[in-house]
Structure formats: structure tokens, C-alpha cells
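Structure first, commentary second.
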Amino acid sequence: MQARTLSLQHAASHLDGIVKSAQIDCAHPDPIRGLAGGLGDGPFSLVVILASIAPDFQQWMNDAAKIFGNAQTIGCTTAGEISRDGYAEGTIVAIGFPVSHFSVEPLLIPDLDNFDQQDLISQMIRSRTSLTASASQWPHEFAFLAIDGLSVREDEVAATIANGLGPVPLFGGSAGDNNEFQETLVALNGETHQHAAVLCFVRTVCPVKVFSLDHLMPSEVRMVVTSADPERRIVHEINAEPAAKEYARLLGKEFEDLSSFTFAAHPVVVRLGASHHVRSIQQVLENGDLVFFSAIDEGLVLTLARPEDMAHHLERELQRVTGGRKAEAIFGCDCMLRRVEAQQRQILGDLSSILSRHRVVGFSTYGEQINGLHVNQTMTGVAIFAPDGE
């Protein structure tokens, strides 16, 4: 209780690196000003605000746009946060990218149902060109996408964006709402939006590595989607049987036993080329249909996946991502189902320790993006390293 009481009064901050981060309790009377104090003087080219859904989110983003001055401010609601102490809940996390090392160009996609694909690609190319001209002395770049996690448009948006990225690697996360599945929001420069996305191009003097990881391996158990509603990501039948009952049967479980932990512990994957990609189940409907977090279609062959040890896998993969170097920070988008599985397996503390040691900050998502793909039950992100000589 003592640590939580302190967090209500002061933002916990991490000022020892180039990339700054801070977190504060949502109940703080003036949380954004508290976060600003935690981040330090800056100045910042970009400030990212991540918070669980709350009636105050719009006000927080308005405050951020005013308090951080000339910085671009972007944010989204979450299914939980990742602070520099690991997994967190009921907090607001801020990440500050200083002007001394980063230059950014954000782009709002305001209506995911009606965006013009070619116009979006043209805007992206103009943003990349402008950023290259203004920060030509900096050789490294990446892009970050925050998108409404209930839009059911992540697959289409990610595929479209891939056509305008050029050589720029992209990662991203779908906004959450504390697993309520009611309303998820993104924000840019004080304005909050639903059914929208924010794409941010970043150019930097810091070496970076964009990555994706998951701890799941395909098993020998396969199934075929025989009836589905792709627009709503709903599967009615698997192997010509009611979807949820057949999925439960393949697991050796009863239909009534299906839960969020079942979906987290027993996801399905699809094979694309030489790689597998997770198609996580969001929920089971009363009529026995299954709702998925990402694209699904009739005729798709699904394979049950089995998990590796999460802690060992996370440590190994973050070591691979960093190549043994100490990252200044890792900005991560981590699927909420990974958190659910860790909680159920009672290893949340172990994972938090690993995340903290590797300086991971970010949020739990309703889905993740990597380059032109929308994926699930993964962590995507960017590792940021100090330039040579610093």
C-alpha cells in the first residue's frame, strides 16, 4: 500500500537514459502535470501517453497537448500498462522522445471505415519525404501505429500502410479498454478519436531494431473454418460443427469451461509462407460462435498452438533483440492475452522483472501490428540504443 500511496503524489520517473519515461496513478488530481515533472525538462519532439480507459482520457490528452508545448502528443487507451517496473494497472504511462535525438511526423487516419487507400499512401510518402529532409543527418527510422482495437479494421489498415512504408519498419498496437470491449480511443495533439488510428514516423540518431516475438509453437492438431462472418471476425462452424463446441472438444474440454484463460493458453495459428501467425480468440458468444481478434475466413486451416515457458522465452528473445547490448528503452505493444496467461500461470512477477530489466515500457493491447501484418498474442516493439560515443 505504501508504494501506491506514493504514486498518487509523485510520478515515478526514469531519467537515466536518452528516452524518458514516467508513470503515475490514474487517481492523481493532476496526473499529466505530474508526469511532466517525472519526464523532466525535455524538450521533447514526441510524448506518448498510455492509460486505461477512463472518462478523463480526453481531458488528459488536452492537458498533455498544452503542458508539453511544441511536442507532438499521441496516446491511446489500454488493456493495462507496462511501466519501467513491469506490468501495471490503473496507471498512466508517459514516454518522452527528446528533440536532441528524435524527429517525428504524425498522421491521423480519422475514419477507418471510409479512408481512401491511395490518399493515405500519398500522405505517408509526403510525411516520410518531409521527415527525411528535416532530419537528413539522422540515419535511423521506424514507424509506430496506434489503432482503435474494436474497429475490426486493423488487417486492412496494416496491409494498406505497408504500401507506403518504403524501407521504414513499423510496429504497433490496438487500443484496449481494460478488457471491457466497449470503447477504445486514440489521440493526437489533444484531440481524441474513436474508430481511428494515429501513424507516427520517427527519425533518429539512435540505432533501432523493430521486432515481433511470441512463445507459441504449432501442434499437430488442425481444424478448418467451415462457416464464418469475416467482416465481424466471427466463426460459426469449425469442421462443420458449432465452433465453440468443436474447439472445446479438440482441447478435451467442455463448452462451459471455455474462458479467457482457455483462449490465452490454447490459441490457434495460421501458416503464411514459412512463418506462423496467431489468430487469437476474443470471446465465445451465447450461441456458441467464436469471435476472433484478427482476420478469419471460411476455408482457413487453423492449427492449435502449444506454448513455450513464457519467462524463459521472453528473456531469450529480448536478449536476441538487443544482441547483448543495453537498450536505452524498448517501446513494446504486448497482447493482453499474454498478460492473462501470465496471471493464470502465476508468473506475472517473473515477466515484470524481465521487462523491467530490459527497460521495456508500453501497453497491453487488443492486437499488434508488424510491418504489413495485424497479429495477436505477440509482443511487437522497437529497441532503441544509444548512438556510438554516448
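Chain lettering (A, B, ...) mirrors the order of the C-alpha cells, residue numbering begins at 1 for each chain separately, and ligand numbering begins at 1 in order of display.
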Mind listing the helix (DSSP H, G or I) residues of stretch 261-311 of chain A, per DSSP on the backbone, as a PyMOL selection string? chain A and resi 261-265+310-311
Please save all heavy atoms of the selected residues as a PDB file, in the first residue's frame.
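Below is the file selection_14.pdb, written as the result:
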ATOM      1  N   PHE A 261      -8.798 -17.433 -20.166  1.00  0.00           N
ATOM      2  CA  PHE A 261      -7.565 -18.176 -19.960  1.00  0.00           C
ATOM      3  C   PHE A 261      -7.445 -19.317 -20.958  1.00  0.00           C
ATOM      4  O   PHE A 261      -6.347 -19.602 -21.469  1.00  0.00           O
ATOM      5  CB  PHE A 261      -7.477 -18.721 -18.540  1.00  0.00           C
ATOM      6  CG  PHE A 261      -6.280 -19.616 -18.332  1.00  0.00           C
ATOM      7  CD1 PHE A 261      -4.998 -19.115 -18.469  1.00  0.00           C
ATOM      8  CD2 PHE A 261      -6.446 -20.961 -18.038  1.00  0.00           C
ATOM      9  CE1 PHE A 261      -3.889 -19.935 -18.296  1.00  0.00           C
ATOM     10  CE2 PHE A 261      -5.343 -21.790 -17.863  1.00  0.00           C
ATOM     11  CZ  PHE A 261      -4.064 -21.273 -17.991  1.00  0.00           C
ATOM     12  N   THR A 262      -8.553 -19.986 -21.271  1.00  0.00           N
ATOM     13  CA  THR A 262      -8.519 -21.048 -22.285  1.00  0.00           C
ATOM     14  C   THR A 262      -8.006 -20.488 -23.606  1.00  0.00           C
ATOM     15  O   THR A 262      -7.140 -21.083 -24.256  1.00  0.00           O
ATOM     16  CB  THR A 262      -9.922 -21.636 -22.501  1.00  0.00           C
ATOM     17  OG1 THR A 262     -10.494 -21.995 -21.254  1.00  0.00           O
ATOM     18  CG2 THR A 262      -9.853 -22.863 -23.401  1.00  0.00           C
ATOM     19  N   PHE A 263      -8.537 -19.335 -24.008  1.00  0.00           N
ATOM     20  CA  PHE A 263      -8.136 -18.739 -25.276  1.00  0.00           C
ATOM     21  C   PHE A 263      -6.667 -18.310 -25.249  1.00  0.00           C
ATOM     22  O   PHE A 263      -5.953 -18.418 -26.247  1.00  0.00           O
ATOM     23  CB  PHE A 263      -9.023 -17.548 -25.612  1.00  0.00           C
ATOM     24  CG  PHE A 263     -10.490 -17.867 -25.625  1.00  0.00           C
ATOM     25  CD1 PHE A 263     -11.421 -16.947 -25.155  1.00  0.00           C
ATOM     26  CD2 PHE A 263     -10.953 -19.085 -26.087  1.00  0.00           C
ATOM     27  CE1 PHE A 263     -12.777 -17.230 -25.165  1.00  0.00           C
ATOM     28  CE2 PHE A 263     -12.313 -19.384 -26.097  1.00  0.00           C
ATOM     29  CZ  PHE A 263     -13.225 -18.450 -25.631  1.00  0.00           C
ATOM     30  N   ALA A 264      -6.215 -17.812 -24.089  1.00  0.00           N
ATOM     31  CA  ALA A 264      -4.821 -17.387 -23.967  1.00  0.00           C
ATOM     32  C   ALA A 264      -3.875 -18.585 -23.982  1.00  0.00           C
ATOM     33  O   ALA A 264      -2.792 -18.533 -24.562  1.00  0.00           O
ATOM     34  CB  ALA A 264      -4.631 -16.582 -22.687  1.00  0.00           C
ATOM     35  N   ALA A 265      -4.287 -19.672 -23.329  1.00  0.00           N
ATOM     36  CA  ALA A 265      -3.417 -20.840 -23.208  1.00  0.00           C
ATOM     37  C   ALA A 265      -3.461 -21.744 -24.431  1.00  0.00           C
ATOM     38  O   ALA A 265      -2.525 -22.514 -24.666  1.00  0.00           O
ATOM     39  CB  ALA A 265      -3.798 -21.642 -21.961  1.00  0.00           C
ATOM     40  N   MET A 310       6.930 -19.065 -20.789  1.00  0.00           N
ATOM     41  CA  MET A 310       6.888 -17.653 -21.136  1.00  0.00           C
ATOM     42  C   MET A 310       8.102 -16.880 -20.635  1.00  0.00           C
ATOM     43  O   MET A 310       8.664 -16.040 -21.348  1.00  0.00           O
ATOM     44  CB  MET A 310       5.621 -16.999 -20.580  1.00  0.00           C
ATOM     45  CG  MET A 310       4.343 -17.398 -21.274  1.00  0.00           C
ATOM     46  SD  MET A 310       2.925 -16.417 -20.681  1.00  0.00           S
ATOM     47  CE  MET A 310       3.221 -14.862 -21.527  1.00  0.00           C
ATOM     48  N   ALA A 311       8.507 -17.123 -19.402  1.00  0.00           N
ATOM     49  CA  ALA A 311       9.618 -16.368 -18.832  1.00  0.00           C
ATOM     50  C   ALA A 311      10.918 -16.671 -19.552  1.00  0.00           C
ATOM     51  O   ALA A 311      11.671 -15.760 -19.930  1.00  0.00           O
ATOM     52  CB  ALA A 311       9.750 -16.653 -17.340  1.00  0.00           C
TER      53      ALA A 311
END
Quick one: residues within 7 Å of stretch 108-121 of chain A, only C-alpha atoms counted, chain neighbours fewer than 4 positions away excluded, as a list in words? Ile125, Arg153, Thr160, Ile161, Asn163, Gly164, His195, Ala196, Ala197, Val198 and Leu199 of chain A
Dump of N, CA and C atoms for the selected residues, as an mmCIF file, in the first residue's frame:
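Once everything was written out, this is result-v6.cif:
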data_model
loop_
_atom_site.group_PDB
_atom_site.id
_atom_site.type_symbol
_atom_site.label_atom_id
_atom_site.label_comp_id
_atom_site.auth_asym_id
_atom_site.auth_seq_id
_atom_site.Cartn_x
_atom_site.Cartn_y
_atom_site.Cartn_z
ATOM 1 N N ILE A 125 3.817 9.019 -47.935
ATOM 2 C CA ILE A 125 5.024 9.319 -48.708
ATOM 3 C C ILE A 125 5.448 10.766 -48.488
ATOM 4 N N ARG A 153 -10.757 -3.222 -38.251
ATOM 5 C CA ARG A 153 -10.153 -2.731 -39.488
ATOM 6 C C ARG A 153 -8.627 -2.816 -39.458
ATOM 7 N N THR A 160 -2.713 -1.776 -46.060
ATOM 8 C CA THR A 160 -2.608 -0.541 -46.846
ATOM 9 C C THR A 160 -1.354 0.232 -46.496
ATOM 10 N N ILE A 161 -1.093 0.364 -45.208
ATOM 11 C CA ILE A 161 0.084 1.111 -44.763
ATOM 12 C C ILE A 161 1.362 0.508 -45.306
ATOM 13 N N ASN A 163 2.057 -0.468 -48.097
ATOM 14 C CA ASN A 163 2.364 0.047 -49.439
ATOM 15 C C ASN A 163 2.986 1.434 -49.417
ATOM 16 N N GLY A 164 2.928 2.114 -48.274
ATOM 17 C CA GLY A 164 3.510 3.448 -48.192
ATOM 18 C C GLY A 164 4.696 3.555 -47.272
ATOM 19 N N HIS A 195 -12.677 4.885 -33.561
ATOM 20 C CA HIS A 195 -12.678 4.314 -34.910
ATOM 21 C C HIS A 195 -11.670 5.035 -35.803
ATOM 22 N N ALA A 196 -10.495 5.252 -35.244
ATOM 23 C CA ALA A 196 -9.442 5.995 -35.924
ATOM 24 C C ALA A 196 -8.089 5.383 -35.585
ATOM 25 N N ALA A 197 -7.053 5.915 -36.214
ATOM 26 C CA ALA A 197 -5.687 5.455 -35.957
ATOM 27 C C ALA A 197 -4.739 6.640 -36.062
ATOM 28 N N VAL A 198 -3.613 6.534 -35.370
ATOM 29 C CA VAL A 198 -2.538 7.517 -35.470
ATOM 30 C C VAL A 198 -1.276 6.779 -35.895
ATOM 31 N N LEU A 199 -0.693 7.239 -36.983
ATOM 32 C CA LEU A 199 0.554 6.683 -37.503
ATOM 33 C C LEU A 199 1.640 7.724 -37.301
#
Pick from A:Asn376, A:Asn189, A:Thr184, A:Gln59: nearest to A:Thr77, with only C-alpha atoms counted? A:Thr184
Between A:Leu258, A:Ile82, A:Ile92, A:Ala383, which residue has the minimum interatomic distance to A:Val19, considering only C-alpha atoms?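 Closest residue, counting only C-alpha atoms: A:Ala383.
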Residues within 12 Å of A:Arg203, please, as JSON, numbers by chain. Count only C-alpha atoms; anything in the same chain fewer than 4 positions from it doesn't count. {"A": [45, 46, 97, 98, 99, 100, 101, 102, 103, 104, 105, 106, 127, 128, 129, 130, 131, 132, 133, 134, 135, 136, 137, 138, 139, 140, 141, 142, 143, 144, 168, 169, 207, 208, 384]}
Residues of stretch 164-250 of chain A classed as strand (DSSP E) by DSSP on the backbone are to be reported as a ChimeraX atom specification. /A:170-174,185-188,191-194,197-204,208-213,216-229,234-238,241-242
May I have the residues from that selection written out with C-alpha atoms, as an mmCIF file, in the first residue's frame?
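Heads up, here's the output in part26.cif:
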data_model
loop_
_atom_site.group_PDB
_atom_site.id
_atom_site.type_symbol
_atom_site.label_atom_id
_atom_site.label_comp_id
_atom_site.auth_asym_id
_atom_site.auth_seq_id
_atom_site.Cartn_x
_atom_site.Cartn_y
_atom_site.Cartn_z
ATOM 1 C CA LEU A 170 6.630 -0.494 -38.448
ATOM 2 C CA PHE A 171 5.249 -1.834 -35.194
ATOM 3 C CA GLY A 172 2.036 -1.007 -33.409
ATOM 4 C CA GLY A 173 -0.742 -1.891 -31.031
ATOM 5 C CA SER A 174 -4.531 -1.916 -30.949
ATOM 6 C CA LEU A 185 -9.672 5.513 -28.179
ATOM 7 C CA VAL A 186 -6.627 7.039 -29.839
ATOM 8 C CA ALA A 187 -5.477 10.654 -29.596
ATOM 9 C CA LEU A 188 -3.294 13.151 -31.423
ATOM 10 C CA GLU A 191 -7.966 15.536 -29.898
ATOM 11 C CA THR A 192 -9.370 12.111 -29.012
ATOM 12 C CA HIS A 193 -10.863 9.845 -31.666
ATOM 13 C CA GLN A 194 -12.853 6.631 -31.879
ATOM 14 C CA ALA A 197 -5.687 5.455 -35.957
ATOM 15 C CA VAL A 198 -2.538 7.517 -35.470
ATOM 16 C CA LEU A 199 0.554 6.683 -37.503
ATOM 17 C CA CYS A 200 3.822 8.289 -36.415
ATOM 18 C CA PHE A 201 7.043 8.310 -38.428
ATOM 19 C CA VAL A 202 10.204 8.694 -36.334
ATOM 20 C CA ARG A 203 13.719 9.529 -37.491
ATOM 21 C CA THR A 204 16.599 9.339 -35.013
ATOM 22 C CA VAL A 208 16.870 0.962 -33.517
ATOM 23 C CA LYS A 209 15.543 -2.553 -34.025
ATOM 24 C CA VAL A 210 11.860 -3.257 -34.681
ATOM 25 C CA PHE A 211 10.805 -6.758 -33.626
ATOM 26 C CA SER A 212 7.976 -9.205 -33.029
ATOM 27 C CA LEU A 213 8.015 -12.208 -30.702
ATOM 28 C CA LEU A 216 3.765 -20.317 -29.325
ATOM 29 C CA MET A 217 4.597 -23.345 -31.458
ATOM 30 C CA PRO A 218 2.221 -25.200 -33.838
ATOM 31 C CA SER A 219 0.978 -28.609 -32.705
ATOM 32 C CA GLU A 220 -0.278 -31.453 -34.902
ATOM 33 C CA VAL A 221 -3.962 -30.670 -34.242
ATOM 34 C CA ARG A 222 -5.630 -28.910 -37.165
ATOM 35 C CA MET A 223 -9.136 -27.696 -37.937
ATOM 36 C CA VAL A 224 -10.930 -25.968 -40.815
ATOM 37 C CA VAL A 225 -13.227 -22.933 -40.627
ATOM 38 C CA THR A 226 -16.348 -24.095 -42.463
ATOM 39 C CA SER A 227 -18.706 -21.181 -41.742
ATOM 40 C CA ALA A 228 -17.747 -17.608 -40.829
ATOM 41 C CA ASP A 229 -18.603 -13.912 -40.985
ATOM 42 C CA ILE A 234 -16.952 -14.386 -36.199
ATOM 43 C CA VAL A 235 -16.618 -18.134 -36.793
ATOM 44 C CA HIS A 236 -19.888 -20.081 -36.762
ATOM 45 C CA GLU A 237 -18.573 -23.552 -37.561
ATOM 46 C CA ILE A 238 -15.297 -25.479 -37.310
ATOM 47 C CA GLU A 241 -19.645 -28.373 -36.189
ATOM 48 C CA PRO A 242 -20.648 -25.468 -33.897
#
So, counting only C-alpha atoms, which residue among A:Leu300, A:Gly40, A:Pro167, A:Asp177 is closest to A:Leu150?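 Using only C-alpha atoms, A:Leu150 sits closest to A:Asp177.
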Long-range neighbours of A:Gln319 as a list in words, 12 Å cut-off, only C-alpha atoms, 2 positions minimum in chain: Phe211, Leu213, His312, His313, Leu314, Glu315, Arg316, Glu317, Val321, Thr322, Gly323, Gly324, Arg325, Lys326, Ala327, Ile330, Ile354, Leu355, Arg357, His358 and Ala383 of chain A
Leaving out A:Val361 and any residue of its chain fewer than 4 positions from it, which residues lie within 12 Å of it when counting only C-alpha atoms, given as a count of residues only? 43
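Considering the residues A:Ile32, A:Ala71, A:Ala146, A:Leu285 and counting only C-alpha atoms, A:Val47 has its shortest atom-to-atom contact with A:Ala71.
For the pair atom CA of A:Asp297 and atom CA of A:Val270, the separation is 11.4 Å.
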What separation in Å, quoted to one decimal, exists between atom CA of A:Tyr366 and atom CA of A:Leu348? 18.4 Å
Choose the residue, out of A:Val301, A:Val278, A:Leu318, A:Leu165, that has the smallest atom-to-atom separation from A:Val360; count only C-alpha atoms.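 Answer, going by the shortest atom-to-atom distance: A:Leu318.
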Which of these, A:Pro43, A:Gly362, A:Ser122, A:Phe181, has the shortest distance to A:Gly166 once you count only C-alpha atoms? A:Ser122
Quote the spacing between atom CA of A:Asn239 and atom CA of A:Glu298 in Å to one decimal place.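 Going from atom CA of A:Asn239 over to atom CA of A:Glu298, I get 10.7 Å.
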